[in-house]
Amino acid sequence: MNVTKFSMPQNLNELSTHERILRRTSEIIERNRQLTALNMIASSVSQSLNFNEILTTAIEHVLHLMEFEAGWIALLDRDCQCLLLNASQGLSEHATRLIERLNPDEAFIGTVARTGQPLIGEIPISSGDRVAEQFRREGFSFCVVIPLKAKGKTLGIMGLCCRRLRLVDRNSSDFLSSVGDVIGVAIENATLYRNIAQLAEQLKQQSDQLRASEHKYRSLIENAKDAVILIQDGRIQYANQSAADISGYTLDELYRLDDVLALLREQDREPMRQQCERLLQGGDAPTFDIVARRKDGQEVSLEVRGSLIEYNGQPAVQYIIRDVTEQKILREQVVRSEKMAALGQLISGVAHELNNPLTVMIGYSELLSMEKNLTGSVRQGLEVIQEAARRAGKIVQNLLTFARQHKAAHVSVNINELIERTVALREYELNVNDIEVVKELAPDLPQTVADPHQLQQVFLNLIMNAEQAMLEAHGRGRLMLRTRLKPPSPGTRSSSNPLIEITVADDGPGIPPENLHRIFEPFFTTKPVGKGTGLGLSVSHTIIQSHGGHIYVQSEPRRGATFIIELPIVQESVEQGEPKIELPPKRAASPKDVLIIDDEPGILNLLRQIVQDEGHHPETATSGAHALEKLRKKEYDLIFCDIKMPHMDGQELYREIKARNGALARKIIFVTGDVVSPQTREFLKQSNSRFLEKPFINEEVIRIIRNALADDS
Ligand SMILES: Nc1ncnc2c1ncn2[C@@H]1O[C@H](COP(=O)(O)OP(=O)(O)OP(=O)(O)O)[C@@H](O)[C@H]1O
Ligand SMILES: [Mg+2]
């Protein structure tokens, strides 16, 4: 490269003393000026930490001081390994563009960046160097390019150009090197500052993000439906509002608890403590279920998930707790109702099968006992058979009630009155057994639509259970019967409408916790064989449920049992009660023709016997087709017809008869063991027919014959 090295000063010895003094003086002045300028550059560039400001100021000062016409500063970029222009003054737009981004190998000025050595001299002519050529084109002939250094490292270059050749002595050269160092240091400081500022900005962003995510996390936890608590050393260090809502304690009360395990049921404390311990030792603890006691004493089922965290530098356990009480109740209800439906079907089938033989047993033993010349022991035996068969019949009825799947027939009833009547039924036994009855019956209780017989059966079951339990426990007792209008309690599990609440409480032995979930199951009994069938409560449950109500129990061992029934208040009568069978005046004056249709020979023969004993002429048919044949040939005054028969059942036969002779259809008395099935009930209601319910006693058959014939005459 054609560069003129700077010229050395002339030999001082050749000058006169005066000239030497003058020259020294001017050198000192120049040196002074340079030092002042350097000082100024140093102070102005160090005043700013802004890159562009530093570099522009530096260029301005140097151009002014050195009387150059153009100047620029380009810094080395480590990423692209090139010189990037940062500040310039006095250069054309074209020249500026050329040096905007420069590979140090491409142009003559680049050597300074590579070698770290200054370049002072003429700008090369026709060197093929585009930068040099452009500078020349713009009339520049001389240039000074110095490295900008800090700690011995070249950070960039500063170039100065002028249109005439210049003499640059050693002083000026040293001065320019110093300027390069000063700017280098300022650049380094600014770079450091810039890095620190970037770091600070990053830190700020991170801490903003952290704060935002902490805020989000906190508000998530604070507003979570699940309870979140943090436990350290057995104490609650943090709890959210849901923890207070679920436990019924205020947050303050929770924080003041000495031992958080005290909130749990006794049997759950040890497992919970062990789980906590396992977590603290870094072990795994699966989600588990516990029961806690609210401040108001109510128990709540909780699903608890724990995890180990650090709190205030110490290990702590964070629990997320979900109240699953409602879920659990629903789940149990679903399981229970599925179980009940399956059981119901089974029971219903068995009960129907039992009905026919029972009816025959009751009927024939009654018929036999009417024989005049029976010995005492035979008569006694027959009575025992009758009694046993009736008891079995009652059980079948209970089973059918339990298995029923339709809504009961309802009329408007006064619950207080029903309770009074039920107590009256048991008055004698209660008195004899020294059981005090305390009644608290709300006088303002509204009427509700219900099935009075069924409700009475429920009350009777509860009272008899209480009686038996108290007697067995301490030979006496105190029975409490309470009714009240329960106001709606919005937001709770209870209904949002007022309810009638009936409480039957005793001071007997109570029900052990392990039995509490089973007592409503059919056939669950703790009583000896012959004393209890385990149907009382399941039947009661079915009845209350069919009324749209709930029945539940509260009991603790040795503290008695309290059964609570909640019934909805239904205002309108949805159905009239069954028409009552009036006692007939007397047996019909003349014998009548009675057709008995049943596929079951036992029932057929029994009815025939009763009809005959009543003085009429019975005839029998064992199927629908057989009956129709007989009906074609003869007119009958009364027809007994079984509903459930193979091929043509009672309902079909009725339709056939009705189509032929409407008046005859009204003479049919249906015999059924199936009054609990919705279809049968619907059919009986629609056809407005009389019916005899199996198992029946002979008196009922006689009564229904007399009634039918009396109506007909
Ligand atoms: N008041 C009570 N006190 C203590 N235990 C009771 C009480 N009521 C019911 N139980 C328990 O619940 C069980 C089931 O009662 P449920 O009325 O269904 O059948 P049961 O009384 O055994 O027989 P059934 O009522 O069919 O004659 C009883 O055997 C008894 O263990
Ligand atoms: Mg019972």
# chains A, B, ... in the order shown; residues from 1 in each chain; ligands from 1
>>> residues_near_ligand(ligand="ligand 1", cutoff="9 Å", atoms="only C-alpha atoms and all ligand atoms", output="VMD selection string")
chain A and resid 395 398 461 to 470 504 to 512 515 to 516 518 to 528 530 to 540 553 555 557 560 to 563
>>> residues_around(residues="A:Tyr311", least_positions_apart="3", cutoff="10 Å", atoms="only C-alpha atoms", output="NGL selection string")
:A and (230-232 or 237 or 308 or 314-318)
>>> write_last_selection(atoms="N, CA, C and O atoms", output="short mmCIF file (atom, residue, chain, number, x, y, z; two decimals), in the first residue's frame")
data_model
loop_
_atom_site.label_atom_id
_atom_site.label_comp_id
_atom_site.auth_asym_id
_atom_site.auth_seq_id
_atom_site.Cartn_x
_atom_site.Cartn_y
_atom_site.Cartn_z
N LEU A 230 -50.79 -24.99 54.00
CA LEU A 230 -49.37 -25.28 54.06
C LEU A 230 -49.03 -25.57 55.52
O LEU A 230 -49.32 -24.76 56.41
N ILE A 231 -48.48 -26.74 55.75
CA ILE A 231 -48.26 -27.15 57.14
C ILE A 231 -46.77 -27.32 57.41
O ILE A 231 -46.05 -27.94 56.62
N GLN A 232 -46.35 -26.73 58.51
CA GLN A 232 -44.98 -26.90 58.95
C GLN A 232 -45.02 -27.09 60.47
O GLN A 232 -45.70 -26.34 61.16
N GLN A 237 -49.33 -22.77 58.23
CA GLN A 237 -48.58 -21.53 57.96
C GLN A 237 -49.32 -20.69 56.92
O GLN A 237 -49.16 -19.49 56.87
N LEU A 308 -44.45 -32.04 48.89
CA LEU A 308 -43.39 -31.44 49.70
C LEU A 308 -42.93 -30.15 49.03
O LEU A 308 -42.64 -30.13 47.84
N GLN A 314 -37.33 -24.05 54.99
CA GLN A 314 -37.53 -25.32 55.69
C GLN A 314 -38.54 -26.17 54.93
O GLN A 314 -39.43 -25.63 54.28
N PRO A 315 -38.43 -27.50 55.03
CA PRO A 315 -39.44 -28.33 54.35
C PRO A 315 -40.83 -28.16 54.97
O PRO A 315 -40.95 -27.98 56.18
N ALA A 316 -41.80 -28.15 54.10
CA ALA A 316 -43.19 -28.02 54.55
C ALA A 316 -44.05 -28.88 53.63
O ALA A 316 -43.61 -29.28 52.56
N VAL A 317 -45.28 -29.16 54.05
CA VAL A 317 -46.17 -29.95 53.20
C VAL A 317 -47.35 -29.08 52.78
O VAL A 317 -47.98 -28.42 53.60
N GLN A 318 -47.56 -29.08 51.47
CA GLN A 318 -48.70 -28.33 50.95
C GLN A 318 -49.81 -29.32 50.61
O GLN A 318 -49.57 -30.30 49.92
#
>>> residues_around(residues="A:Lys630", least_positions_apart="6", cutoff="10 Å", atoms="only C-alpha atoms", output="MDAnalysis selection string")
chainID A and resid 595 619:621 624 636
>>> atom_distance(atom1="atom CA of A:Arg294", atom2="atom CA of A:Asp268")
14.3 Å
>>> select_by_dssp(residues="stretch 89-295 of chain A", states="strand (DSSP E)", output="ChimeraX atom specification")
/A:89,101-102,119-122,142-150,153-162,227-232,235-239,288-293
>>> select_by_dssp(residues="stretch 501-685 of chain A", states="helix (DSSP H, G or I)", output="JSON, numbers by chain")
{"A": [513, 514, 515, 516, 536, 537, 538, 539, 540, 541, 542, 543, 544, 545, 546, 601, 602, 603, 604, 605, 606, 607, 608, 609, 610, 611, 612, 613, 624, 625, 626, 627, 628, 629, 630, 631, 632, 633, 650, 651, 652, 653, 654, 655, 656, 657, 658, 659, 660, 662, 663, 664, 665, 678, 679, 680, 681, 682, 683, 684, 685]}
>>> closest_residue(among="A:Tyr428, A:Leu460, A:Ile362, A:Thr375", to="ligand 2", atoms="only C-alpha atoms and all ligand atoms")
A:Leu460
>>> decode(residues="stretch 596-613 of chain A", atoms="C-alpha atoms", output="compact mmCIF listing (two decimals), in the first residue's frame")
# COMPACT_ATOMS: atom_id res chain seq x y z
CA ILE A 596 -113.67 -68.29 38.08
CA ILE A 597 -110.74 -67.95 35.65
CA ASP A 598 -107.23 -68.79 36.91
CA ASP A 599 -104.37 -70.90 35.59
CA GLU A 600 -103.34 -71.79 39.16
CA PRO A 601 -105.42 -74.80 40.32
CA GLY A 602 -104.87 -73.99 44.03
CA ILE A 603 -106.45 -70.54 43.75
CA LEU A 604 -109.12 -71.82 41.38
CA ASN A 605 -110.24 -74.47 43.81
CA LEU A 606 -110.07 -72.16 46.80
CA LEU A 607 -112.25 -69.54 45.13
CA ARG A 608 -114.64 -72.21 43.96
CA GLN A 609 -114.96 -73.46 47.52
CA ILE A 610 -115.57 -69.98 48.93
CA VAL A 611 -118.11 -69.14 46.21
CA GLN A 612 -119.87 -72.39 46.79
CA ASP A 613 -119.91 -71.91 50.60
